[in-house]
Protein chains: 4
Amino acid sequence: MSEPPYQRVLDAVYDDVLALIGQGVVARSIPALAVVDPHRFGIALATPAGEVFGAGEYNVPFSIQSISKVFSFGLVLAADDQIWKRVGHEPSTDPYNSLIQLERDRGIPRNPFLNAGALVTTDRLLGLSLPGSDAVDELLRFVRAESGNPHVDLDHAVAASELASCHRNAALAHLIADFGNLDHPVHLVLEQYVGQCALAMSCADVALAARFLATGGLRSDGSRLLPAADVKRLNATMLVCGMYDRAGEAAYRFGLPAKSGVGGGIVAVVPGRCVLCVWSPGLDASGNSVAGVAALEAFSTRTGWSVF
Amino acid sequence: MSEPPYQRVLDAVYDDVLALIGQGVVARSIPALAVVDPHRFGIALATPAGEVFGAGEYNVPFSIQSISKVFSFGLVLAADDQIWKRVGHEPSTDPYNSLIQLERDRGIPRNPFLNAGALVTTDRLLGLSLPGSDAVDELLRFVRAESGNPHVDLDHAVAASELASCHRNAALAHLIADFGNLDHPVHLVLEQYVGQCALAMSCADVALAARFLATGGLRSDGSRLLPAADVKRLNATMLVCGMYDRAGEAAYRFGLPAKSGVGGGIVAVVPGRCVLCVWSPGLDASGNSVAGVAALEAFSTRTGWSVF
Amino acid sequence: MSEPPYQRVLDAVYDDVLALIGQGVVARSIPALAVVDPHRFGIALATPAGEVFGAGEYNVPFSIQSISKVFSFGLVLAADDQIWKRVGHEPSTDPYNSLIQLERDRGIPRNPFLNAGALVTTDRLLGLSLPGSDAVDELLRFVRAESGNPHVDLDHAVAASELASCHRNAALAHLIADFGNLDHPVHLVLEQYVGQCALAMSCADVALAARFLATGGLRSDGSRLLPAADVKRLNATMLVCGMYDRAGEAAYRFGLPAKSGVGGGIVAVVPGRCVLCVWSPGLDASGNSVAGVAALEAFSTRTGWSVF
Amino acid sequence: MSEPPYQRVLDAVYDDVLALIGQGVVARSIPALAVVDPHRFGIALATPAGEVFGAGEYNVPFSIQSISKVFSFGLVLAADDQIWKRVGHEPSTDPYNSLIQLERDRGIPRNPFLNAGALVTTDRLLGLSLPGSDAVDELLRFVRAESGNPHVDLDHAVAASELASCHRNAALAHLIADFGNLDHPVHLVLEQYVGQCALAMSCADVALAARFLATGGLRSDGSRLLPAADVKRLNATMLVCGMYDRAGEAAYRFGLPAKSGVGGGIVAVVPGRCVLCVWSPGLDASGNSVAGVAALEAFSTRTGWSVF
């Protein structure tokens, strides 16, 4: 099957959603994010071979926040598929930072893409890190290599701001620890979790770094990160769980595995073909970018591509 | 892409799951189903062109139960896409017959594949039925035409048994009515709902009748039932909601849109390629056929097919 | 301890709450009650000896609704204390007509003063009724004898109105039946339940009829309805469960066992001393009479009486 | 009304419950408590005048744990009745350390006797403490004065053990802080909360120290701690909320305002007459002392006393 003219599609998608850019509200839970201008927009597409197309501010770094959960979980799964015993793969009907289901499930997070699940992932990544390294280091090494951008780094101002106001994540971490599902001290897991979320990457960086989800598990250097079957499972889990409590809405509207962050970014996978990353900071009530979801829907409509 | 040798794949799948046939428990909620032998198994595959392959008892009729929700919702959606205002497309973390989420959501069922959602679907189908016809008639007309089997009928013993013990569904219907989301009297909706669930069809019948989900909305006579975009949305909703509270598990294990019934049947869609129906009455704790889920997983592994 | 001058206290209480009469909203769930003028108010006090004091419209019949739950449960408990196996005595944090806790507790209502609990009570009272009699008959016989008013009857317009719109109670009854906690057909239990709720009684009638709660279980003719220990338990259960999801608020404000009805009536017990009944149709968000609660609080403040 | 022969009643109560002593399980959540011998039992009764009667090991100090919530809340209420804006007075149907209702209620604990409520109380008591003093100091000063026992102190081993394993309370505190309902740092509130819970007092000490609940608010020196109306409200709140999620059960069985601790102690109030404290470490599933509840029930039966 021949490729569509990606650049023209992205330009058209940008036009499609112009009126929505700036709608929604910027995340308020993290002070450093609350001051971001909601009128930003970028979209990038990376092919398996590493070609990048883009529209809008697709080379401007933004706070990837929960998109980091995809990278850290991928790294953990590559090293230890027993992680599925500590975190599930079912959707949640509660908000992403809710403690209700976590208490009911006795400290086993429903999936890796909720905050609770990502705290467990970070805890495991800490345990897998090389001597002298930590979870943030491991993650940085990976995304720099995959994006080909050695300047990817964490935004220390965002990290500090988030760490100073992370009572909700601390509550989640202590509840997980109370049920015996953390190996490391809560303060260390929180510091590392917040560090990952504070990674600043552009749409192009994210799309490139997530290519292993579209290539059946191959890294940019051709080596294998994950078996193809595990990538399918990871994409499946993203489709069912990646868009907070709006998994059904997202599947209905654009039908691609995707992961959203409260910084306004969304990464989406067209298995076998390409990875998309869109960014616009205005969020809907569930925490998904308004213009971002619309852009993915427009892309799906214009290409006819979804997994269904 | 060339077709795999379907018959050999199904034979191999049958071998793969032999040890699981008979595991799990037969549905006890409906007396007439509680006496079914758990050691039954059949699997059928229908191509868009209507070719059928099968293994095991794939021509033996069984009680399709909740699989009927796919057909009735397809018929309603074809006539009135405003149905999405009365029923959502998000997954549920509660059991399929739970009232908890329904009360929280004020009578709007989370999706069409929960009992609550199917009651609303049936209510709408009643309103759309031709004079002198009812919801069961409409459904029978459709599945007979699509399966090419004019003998498909409802099992009156199952229907009577279910109607005599349907307190839980009656509770759901009254709660929906209390919130103003039913147009017809509760007793009529219940009778029609139970009638649909009591349809007896073979794996071959079901796979043939569900082909519109694999063909982008075309009926067996080439006419269009649904726009392609609506079929994608229906498949997306099935993937996220079709396997009771195990949507994530199913997506993880075989990654295909599917709908399960407590009679032990599951219909699954490979968009653009084929429809599968598997039947084995032993159920797991969530109400999904143990051997059925395993067979779909084996099929996905052997063909490499999933939507991801 | 000498009695306070009851008449003067009631007159003063009436003055205390004048500004609140008419506040709140009239119950909308039952059409026949939705047209009641919210500016009604009456309060009566009955001594164990049967002396009655009153202020406002204390001789005007109103729809007692859930106050009937006290009488019917008292009658059942007198005949069968095994009823506590079918209904609990813990408070609920959900609204009085919620199905959520009932599903979690597998059909055992938390207490006899929720709708669910009263449906079980009615079911049991049906089973205890004399040949040729039913639950409503039993209840009428009791309240007529205790109040000394042979004209107490049910308001058939209210009963018919409620029966025609009782989807929520039907949902509760079917859910209870689904868990095997009803002996009689749902439609019969509903009809009898609605009949009891539709009893029209004045404040004076109610206060007189509830004297067994203040006398340690004695009826007006001096015979024993209940052992003193059972009356204590019944009063305890009323205090913890009788004011819908505002048991704590009521205990905090006036500290007496009490039962509220959506008709705007509240019966309250001062053990060993007297029974009060207040009526004013304007309800707060939990379904308790605004002026009624205020009147009981004023009574408690003026007399210094509460159980604490 | 003349006093019953208290000593004989307590001796008889001890006999009544002999067979139950040792039943139930010792609290495991706090390592230092998990090693306590379940076969301990003591009961004390203090009159308003300060006379003490007792049976069993009523002079042996035990870990009062949640009984401290009564003292600390009394102290806060005496200084600031606006505390009711930060904590409610409704019962909870969840366990005492659950986060579910707290998240639903957006950080306002349902009542002061849940762990969440006591954390808010402690936070307020910290704010009210004199310079150079803290919440534990204030509490120690109070209970020493009221019990007349200057040796009352906290058990530092219990406090250290609890602080080292208080993930659940840390989760609660962070969740409260996330909703803006804490004035002081989480670690400080936790340290002070754990300190209070670790107070070691005998049944006699506790009964004497809680006399203000039976005397309408008077301290042992005749000065007033609280207005009588506030004491009634506090007793009301204890009755509705003091026995974890078994408020109804306790009201039903002994009908007295009471507060339970996981150390196996229970304090109970007979307004106007006396205060009881019973201790036996074996707990039921809700965390209430098995022999302790039985002893209070036996006391109520033998004296005929309850608030109902």
# chains A, B, ... in the order shown; residues from 1 in each chain; ligands from 1

call {"tool": "closest_atom_pairs", "arguments": {"of": "chain B", "to": "chain A", "cutoff": "10 Å", "atoms": "only C-alpha atoms", "output": "CSV"}}
result
residue,atom,partner,partner_atom,distance
B:Gly88,CA,A:Gly248,CA,8.5
B:His89,CA,A:Gly248,CA,5.2
B:Glu90,CA,A:Gly248,CA,4.3
B:Pro91,CA,A:Gly248,CA,6.5
B:Ser92,CA,A:Thr93,CA,6.7
B:Thr93,CA,A:Thr93,CA,6.7
B:Asp94,CA,A:Thr93,CA,9.5
B:Gln101,CA,A:Thr93,CA,9.4
B:Arg110,CA,A:Gly248,CA,9.6
B:Asn111,CA,A:Gly248,CA,9.0
B:Leu213,CA,A:Phe308,CA,9.4
B:Ala214,CA,A:Phe308,CA,9.0
B:Gly216,CA,A:Phe308,CA,9.4
B:Ala228,CA,A:Gly304,CA,9.6
B:Ala229,CA,A:Thr301,CA,8.4
B:Asp230,CA,A:Tyr252,CA,8.9
B:Val231,CA,A:Phe308,CA,8.3
B:Lys232,CA,A:Phe308,CA,5.2
B:Arg233,CA,A:Tyr252,CA,4.7
B:Leu234,CA,A:Tyr252,CA,7.6
B:Asn235,CA,A:Phe308,CA,6.2
B:Ala236,CA,A:Ala251,CA,5.3
B:Thr237,CA,A:Gly248,CA,6.3
B:Met238,CA,A:Gly248,CA,9.4
B:Leu239,CA,A:Val240,CA,8.0
B:Val240,CA,A:Val240,CA,5.8
B:Cys241,CA,A:Gly248,CA,7.9
B:Asp245,CA,A:Glu90,CA,8.0
B:Arg246,CA,A:Glu90,CA,6.8
B:Ala247,CA,A:Glu90,CA,6.7
B:Gly248,CA,A:Glu90,CA,4.3
B:Glu249,CA,A:His89,CA,6.4
B:Ala250,CA,A:Ala236,CA,9.0
B:Ala251,CA,A:Ala236,CA,5.3
B:Tyr252,CA,A:Arg233,CA,4.7
B:Arg253,CA,A:Arg233,CA,7.1
B:Phe254,CA,A:Arg233,CA,8.5
B:Gly255,CA,A:Ala236,CA,6.3
B:Leu256,CA,A:Phe308,CA,8.8
B:Pro257,CA,A:Phe308,CA,8.1
B:Val269,CA,A:Phe308,CA,9.1
B:Val270,CA,A:Phe308,CA,8.2
B:Pro271,CA,A:Phe308,CA,5.9
B:Gly272,CA,A:Phe308,CA,8.7
B:Thr301,CA,A:Ala229,CA,8.4
B:Gly304,CA,A:Ala229,CA,8.7
B:Trp305,CA,A:Lys232,CA,10.0
B:Ser306,CA,A:Lys232,CA,7.9
B:Val307,CA,A:Val307,CA,5.2
B:Phe308,CA,A:Lys232,CA,5.2

call {"tool": "write_last_selection", "arguments": {"atoms": "C-alpha atoms", "output": "PDB file, in the first residue's frame"}}
result
ATOM      1  CA  GLY B  88     -22.382   5.759  25.715  1.00  0.00           C
ATOM      2  CA  HIS B  89     -19.250   4.115  24.393  1.00  0.00           C
ATOM      3  CA  GLU B  90     -17.054   3.872  27.459  1.00  0.00           C
ATOM      4  CA  PRO B  91     -16.020   0.647  29.180  1.00  0.00           C
ATOM      5  CA  SER B  92     -17.390  -0.437  32.535  1.00  0.00           C
ATOM      6  CA  THR B  93     -15.402  -1.827  35.413  1.00  0.00           C
ATOM      7  CA  ASP B  94     -18.485  -3.398  36.986  1.00  0.00           C
ATOM      8  CA  GLN B 101     -22.613   2.661  37.352  1.00  0.00           C
ATOM      9  CA  ARG B 110     -22.022   3.181  29.589  1.00  0.00           C
ATOM     10  CA  ASN B 111     -22.144   1.200  26.330  1.00  0.00           C
ATOM     11  CA  LEU B 213     -18.503  -5.631  10.708  1.00  0.00           C
ATOM     12  CA  ALA B 214     -15.683  -6.910   8.485  1.00  0.00           C
ATOM     13  CA  GLY B 216     -17.158  -1.778   6.262  1.00  0.00           C
ATOM     14  CA  ALA B 228     -17.860   2.587   6.941  1.00  0.00           C
ATOM     15  CA  ALA B 229     -17.144   5.202   9.606  1.00  0.00           C
ATOM     16  CA  ASP B 230     -19.981   3.861  11.773  1.00  0.00           C
ATOM     17  CA  VAL B 231     -18.675   0.312  11.459  1.00  0.00           C
ATOM     18  CA  LYS B 232     -15.234   1.462  12.619  1.00  0.00           C
ATOM     19  CA  ARG B 233     -16.869   3.093  15.615  1.00  0.00           C
ATOM     20  CA  LEU B 234     -18.902  -0.039  16.322  1.00  0.00           C
ATOM     21  CA  ASN B 235     -15.772  -2.202  16.139  1.00  0.00           C
ATOM     22  CA  ALA B 236     -13.947   0.275  18.373  1.00  0.00           C
ATOM     23  CA  THR B 237     -16.765   0.129  20.903  1.00  0.00           C
ATOM     24  CA  MET B 238     -16.736  -3.677  20.790  1.00  0.00           C
ATOM     25  CA  LEU B 239     -12.999  -3.767  21.422  1.00  0.00           C
ATOM     26  CA  VAL B 240     -13.280  -1.452  24.396  1.00  0.00           C
ATOM     27  CA  CYS B 241     -16.576  -2.804  25.796  1.00  0.00           C
ATOM     28  CA  ASP B 245     -15.243  -6.219  32.439  1.00  0.00           C
ATOM     29  CA  ARG B 246     -12.331  -7.976  30.698  1.00  0.00           C
ATOM     30  CA  ALA B 247     -11.953  -5.667  27.689  1.00  0.00           C
ATOM     31  CA  GLY B 248      -8.304  -5.059  28.494  1.00  0.00           C
ATOM     32  CA  GLU B 249      -7.602  -8.752  28.968  1.00  0.00           C
ATOM     33  CA  ALA B 250      -9.189  -9.573  25.601  1.00  0.00           C
ATOM     34  CA  ALA B 251      -7.409  -6.745  23.785  1.00  0.00           C
ATOM     35  CA  TYR B 252      -4.184  -7.911  25.378  1.00  0.00           C
ATOM     36  CA  ARG B 253      -4.682 -11.564  24.511  1.00  0.00           C
ATOM     37  CA  PHE B 254      -6.107 -11.444  20.977  1.00  0.00           C
ATOM     38  CA  GLY B 255      -6.602  -7.817  20.056  1.00  0.00           C
ATOM     39  CA  LEU B 256      -9.773  -8.068  18.004  1.00  0.00           C
ATOM     40  CA  PRO B 257     -13.180  -6.401  18.409  1.00  0.00           C
ATOM     41  CA  VAL B 269     -13.965  -9.363  13.803  1.00  0.00           C
ATOM     42  CA  VAL B 270     -10.799  -9.098  11.702  1.00  0.00           C
ATOM     43  CA  PRO B 271     -11.638  -5.858   9.869  1.00  0.00           C
ATOM     44  CA  GLY B 272     -11.406  -6.279   6.118  1.00  0.00           C
ATOM     45  CA  THR B 301      -1.029 -16.104  17.395  1.00  0.00           C
ATOM     46  CA  GLY B 304      -0.346 -12.919  13.432  1.00  0.00           C
ATOM     47  CA  TRP B 305      -3.615 -11.042  13.072  1.00  0.00           C
ATOM     48  CA  SER B 306      -4.893  -8.517  15.524  1.00  0.00           C
ATOM     49  CA  VAL B 307      -5.825  -4.915  14.989  1.00  0.00           C
ATOM     50  CA  PHE B 308      -2.575  -3.823  16.631  1.00  0.00           C
TER      51      PHE B 308
END

call {"tool": "select_by_dssp", "arguments": {"residues": "region 136-296 of chain D", "states": "helix (DSSP H, G or I)", "output": "PyMOL selection string"}}
result
chain D and resi 136-147+156-163+167-178+186-197+203-209+211-213+228-241+244-253+290-296

call {"tool": "closest_residue", "arguments": {"among": "A:Val278, A:Leu128, A:Leu75, A:Leu188", "to": "Leu140 (chain A)", "atoms": "only C-alpha atoms"}}
result
A:Leu75

call {"tool": "select_by_dssp", "arguments": {"residues": "region 15-163 of chain D", "states": "strand (DSSP E)", "output": "list in words"}}
result
Gly42, Ile43, Ala44, Leu45, Ala46, Val52, Phe53, Gly54, Ala55, Gly56, Phe62, Ser63, Asp153 and Leu154 of chain D

call {"tool": "write_last_selection", "arguments": {"atoms": "N, CA and C atoms", "output": "mmCIF file, in the first residue's frame"}}
result
data_model
loop_
_atom_site.group_PDB
_atom_site.id
_atom_site.type_symbol
_atom_site.label_atom_id
_atom_site.label_comp_id
_atom_site.auth_asym_id
_atom_site.auth_seq_id
_atom_site.Cartn_x
_atom_site.Cartn_y
_atom_site.Cartn_z
ATOM 1 N N GLY D 42 -9.898 -5.653 81.013
ATOM 2 C CA GLY D 42 -10.133 -4.761 82.132
ATOM 3 C C GLY D 42 -11.347 -3.905 81.849
ATOM 4 N N ILE D 43 -12.035 -3.505 82.892
ATOM 5 C CA ILE D 43 -13.158 -2.585 82.738
ATOM 6 C C ILE D 43 -13.179 -1.659 83.945
ATOM 7 N N ALA D 44 -13.360 -0.369 83.667
ATOM 8 C CA ALA D 44 -13.433 0.619 84.747
ATOM 9 C C ALA D 44 -14.638 1.515 84.531
ATOM 10 N N LEU D 45 -15.152 2.050 85.620
ATOM 11 C CA LEU D 45 -16.268 3.002 85.578
ATOM 12 C C LEU D 45 -15.886 4.175 86.472
ATOM 13 N N ALA D 46 -16.026 5.382 85.939
ATOM 14 C CA ALA D 46 -15.747 6.583 86.732
ATOM 15 C C ALA D 46 -17.027 7.392 86.880
ATOM 16 N N VAL D 52 -13.894 5.632 91.236
ATOM 17 C CA VAL D 52 -13.595 4.645 90.196
ATOM 18 C C VAL D 52 -13.913 3.244 90.691
ATOM 19 N N PHE D 53 -14.599 2.465 89.863
ATOM 20 C CA PHE D 53 -14.830 1.048 90.119
ATOM 21 C C PHE D 53 -14.174 0.275 88.979
ATOM 22 N N GLY D 54 -13.810 -0.965 89.236
ATOM 23 C CA GLY D 54 -13.159 -1.684 88.150
ATOM 24 C C GLY D 54 -13.149 -3.178 88.352
ATOM 25 N N ALA D 55 -12.895 -3.879 87.276
ATOM 26 C CA ALA D 55 -12.734 -5.335 87.316
ATOM 27 C C ALA D 55 -11.660 -5.714 86.319
ATOM 28 N N GLY D 56 -11.008 -6.845 86.568
ATOM 29 C CA GLY D 56 -9.921 -7.261 85.691
ATOM 30 C C GLY D 56 -8.746 -6.299 85.788
ATOM 31 N N PHE D 62 -2.728 0.452 78.513
ATOM 32 C CA PHE D 62 -2.753 -0.144 77.174
ATOM 33 C C PHE D 62 -2.658 1.002 76.163
ATOM 34 N N SER D 63 -2.495 0.653 74.889
ATOM 35 C CA SER D 63 -2.350 1.673 73.844
ATOM 36 C C SER D 63 -3.742 2.165 73.451
ATOM 37 N N ASP D 153 1.767 8.702 79.821
ATOM 38 C CA ASP D 153 2.746 9.136 78.823
ATOM 39 C C ASP D 153 2.518 8.353 77.539
ATOM 40 N N LEU D 154 3.251 8.761 76.519
ATOM 41 C CA LEU D 154 3.111 7.970 75.298
ATOM 42 C C LEU D 154 4.134 6.843 75.328
#

call {"tool": "closest_residue", "arguments": {"among": "C:Gly107, C:Thr122, C:Ala164, C:Leu276", "to": "Ser300 (chain C)", "atoms": "only C-alpha atoms"}}
result
C:Leu276

call {"tool": "residues_around", "arguments": {"residues": "Thr47 (chain B)", "least_positions_apart": "6", "cutoff": "7 Å", "atoms": "only C-alpha atoms", "output": "PyMOL selection string"}}
result
chain B and resi 273-275

call {"tool": "atom_distance", "arguments": {"atom1": "CA of Ile100 (chain D)", "atom2": "CA of Gly180 (chain D)"}}
result
17.2 Å

call {"tool": "residues_around", "arguments": {"residues": "Ile176 (chain D)", "least_positions_apart": "4", "cutoff": "8 Å", "atoms": "only C-alpha atoms", "output": "ChimeraX atom specification"}}
result
/D:102,106-108,116,172,180-182

call {"tool": "residues_around", "arguments": {"residues": "Val76 (chain C)", "least_positions_apart": "3", "cutoff": "7 Å", "atoms": "only C-alpha atoms", "output": "number ranges by chain"}}
result
C: 72-73, 79-80, 121, 124-125

call {"tool": "write_last_selection", "arguments": {"atoms": "all heavy atoms", "output": "mmCIF file, in the first residue's frame"}}
result
data_model
loop_
_atom_site.group_PDB
_atom_site.id
_atom_site.type_symbol
_atom_site.label_atom_id
_atom_site.label_comp_id
_atom_site.auth_asym_id
_atom_site.auth_seq_id
_atom_site.Cartn_x
_atom_site.Cartn_y
_atom_site.Cartn_z
ATOM 1 N N SER C 72 -44.779 -0.303 60.313
ATOM 2 C CA SER C 72 -44.767 -1.649 59.738
ATOM 3 C C SER C 72 -43.592 -2.463 60.291
ATOM 4 O O SER C 72 -43.752 -3.657 60.574
ATOM 5 C CB SER C 72 -44.737 -1.590 58.203
ATOM 6 O OG SER C 72 -43.635 -0.848 57.749
ATOM 7 N N PHE C 73 -42.458 -1.817 60.496
ATOM 8 C CA PHE C 73 -41.348 -2.586 61.053
ATOM 9 C C PHE C 73 -41.637 -2.989 62.498
ATOM 10 O O PHE C 73 -41.298 -4.100 62.922
ATOM 11 C CB PHE C 73 -40.031 -1.808 60.970
ATOM 12 C CG PHE C 73 -38.844 -2.682 61.269
ATOM 13 C CD1 PHE C 73 -38.380 -3.595 60.331
ATOM 14 C CD2 PHE C 73 -38.218 -2.644 62.511
ATOM 15 C CE1 PHE C 73 -37.312 -4.434 60.608
ATOM 16 C CE2 PHE C 73 -37.140 -3.483 62.798
ATOM 17 C CZ PHE C 73 -36.694 -4.384 61.845
ATOM 18 N N ALA C 79 -43.671 -9.763 65.733
ATOM 19 C CA ALA C 79 -44.054 -11.136 65.399
ATOM 20 C C ALA C 79 -42.859 -12.022 65.059
ATOM 21 O O ALA C 79 -42.941 -13.243 65.167
ATOM 22 C CB ALA C 79 -45.027 -11.121 64.207
ATOM 23 N N ASP C 80 -41.754 -11.420 64.638
ATOM 24 C CA ASP C 80 -40.656 -12.239 64.110
ATOM 25 C C ASP C 80 -39.341 -11.479 64.186
ATOM 26 O O ASP C 80 -39.009 -10.714 63.278
ATOM 27 C CB ASP C 80 -40.968 -12.605 62.645
ATOM 28 C CG ASP C 80 -39.814 -13.362 62.010
ATOM 29 O OD1 ASP C 80 -38.926 -13.863 62.743
ATOM 30 O OD2 ASP C 80 -39.801 -13.466 60.769
ATOM 31 N N THR C 121 -39.581 -5.373 54.696
ATOM 32 C CA THR C 121 -40.525 -5.356 55.810
ATOM 33 C C THR C 121 -41.944 -5.647 55.324
ATOM 34 O O THR C 121 -42.671 -6.459 55.905
ATOM 35 C CB THR C 121 -40.509 -3.970 56.494
ATOM 36 O OG1 THR C 121 -39.184 -3.659 56.905
ATOM 37 C CG2 THR C 121 -41.434 -3.948 57.690
ATOM 38 N N ARG C 124 -42.452 -9.171 54.483
ATOM 39 C CA ARG C 124 -42.635 -10.015 55.669
ATOM 40 C C ARG C 124 -44.008 -9.798 56.294
ATOM 41 O O ARG C 124 -44.649 -10.749 56.756
ATOM 42 C CB ARG C 124 -41.542 -9.702 56.708
ATOM 43 C CG ARG C 124 -41.525 -10.637 57.913
ATOM 44 C CD ARG C 124 -41.067 -12.022 57.522
ATOM 45 N NE ARG C 124 -41.331 -13.035 58.555
ATOM 46 C CZ ARG C 124 -42.375 -13.853 58.550
ATOM 47 N NH1 ARG C 124 -43.258 -13.801 57.558
ATOM 48 N NH2 ARG C 124 -42.539 -14.755 59.507
ATOM 49 N N LEU C 125 -44.468 -8.560 56.304
ATOM 50 C CA LEU C 125 -45.775 -8.254 56.894
ATOM 51 C C LEU C 125 -46.894 -8.938 56.106
ATOM 52 O O LEU C 125 -47.876 -9.412 56.679
ATOM 53 C CB LEU C 125 -45.988 -6.740 56.941
ATOM 54 C CG LEU C 125 -47.175 -6.216 57.762
ATOM 55 C CD1 LEU C 125 -47.190 -6.755 59.177
ATOM 56 C CD2 LEU C 125 -47.176 -4.685 57.780
#

call {"tool": "residues_around", "arguments": {"residues": "Gln23 (chain C)", "least_positions_apart": "2", "cutoff": "6 Å", "atoms": "only C-alpha atoms", "output": "VMD selection string"}}
result
chain C and resid 20 to 21 282

call {"tool": "write_last_selection", "arguments": {"atoms": "N, CA, C and O atoms", "output": "compact mmCIF listing (two decimals), in the first residue's frame"}}
result
# COMPACT_ATOMS: atom_id res chain seq x y z
N LEU C 20 -38.91 29.76 58.53
CA LEU C 20 -38.42 28.66 57.70
C LEU C 20 -39.54 27.93 56.96
O LEU C 20 -39.28 27.16 56.02
N ILE C 21 -40.78 28.14 57.41
CA ILE C 21 -41.91 27.43 56.79
C ILE C 21 -42.06 27.89 55.35
O ILE C 21 -42.11 29.08 55.08
N GLY C 282 -41.82 21.45 52.82
CA GLY C 282 -40.58 21.87 52.13
C GLY C 282 -39.40 21.04 52.60
O GLY C 282 -39.09 21.00 53.79

call {"tool": "closest_residue", "arguments": {"among": "A:Ala34, A:Leu296, A:Val152, A:Ala210", "to": "Trp279 (chain A)", "atoms": "only C-alpha atoms"}}
result
A:Leu296
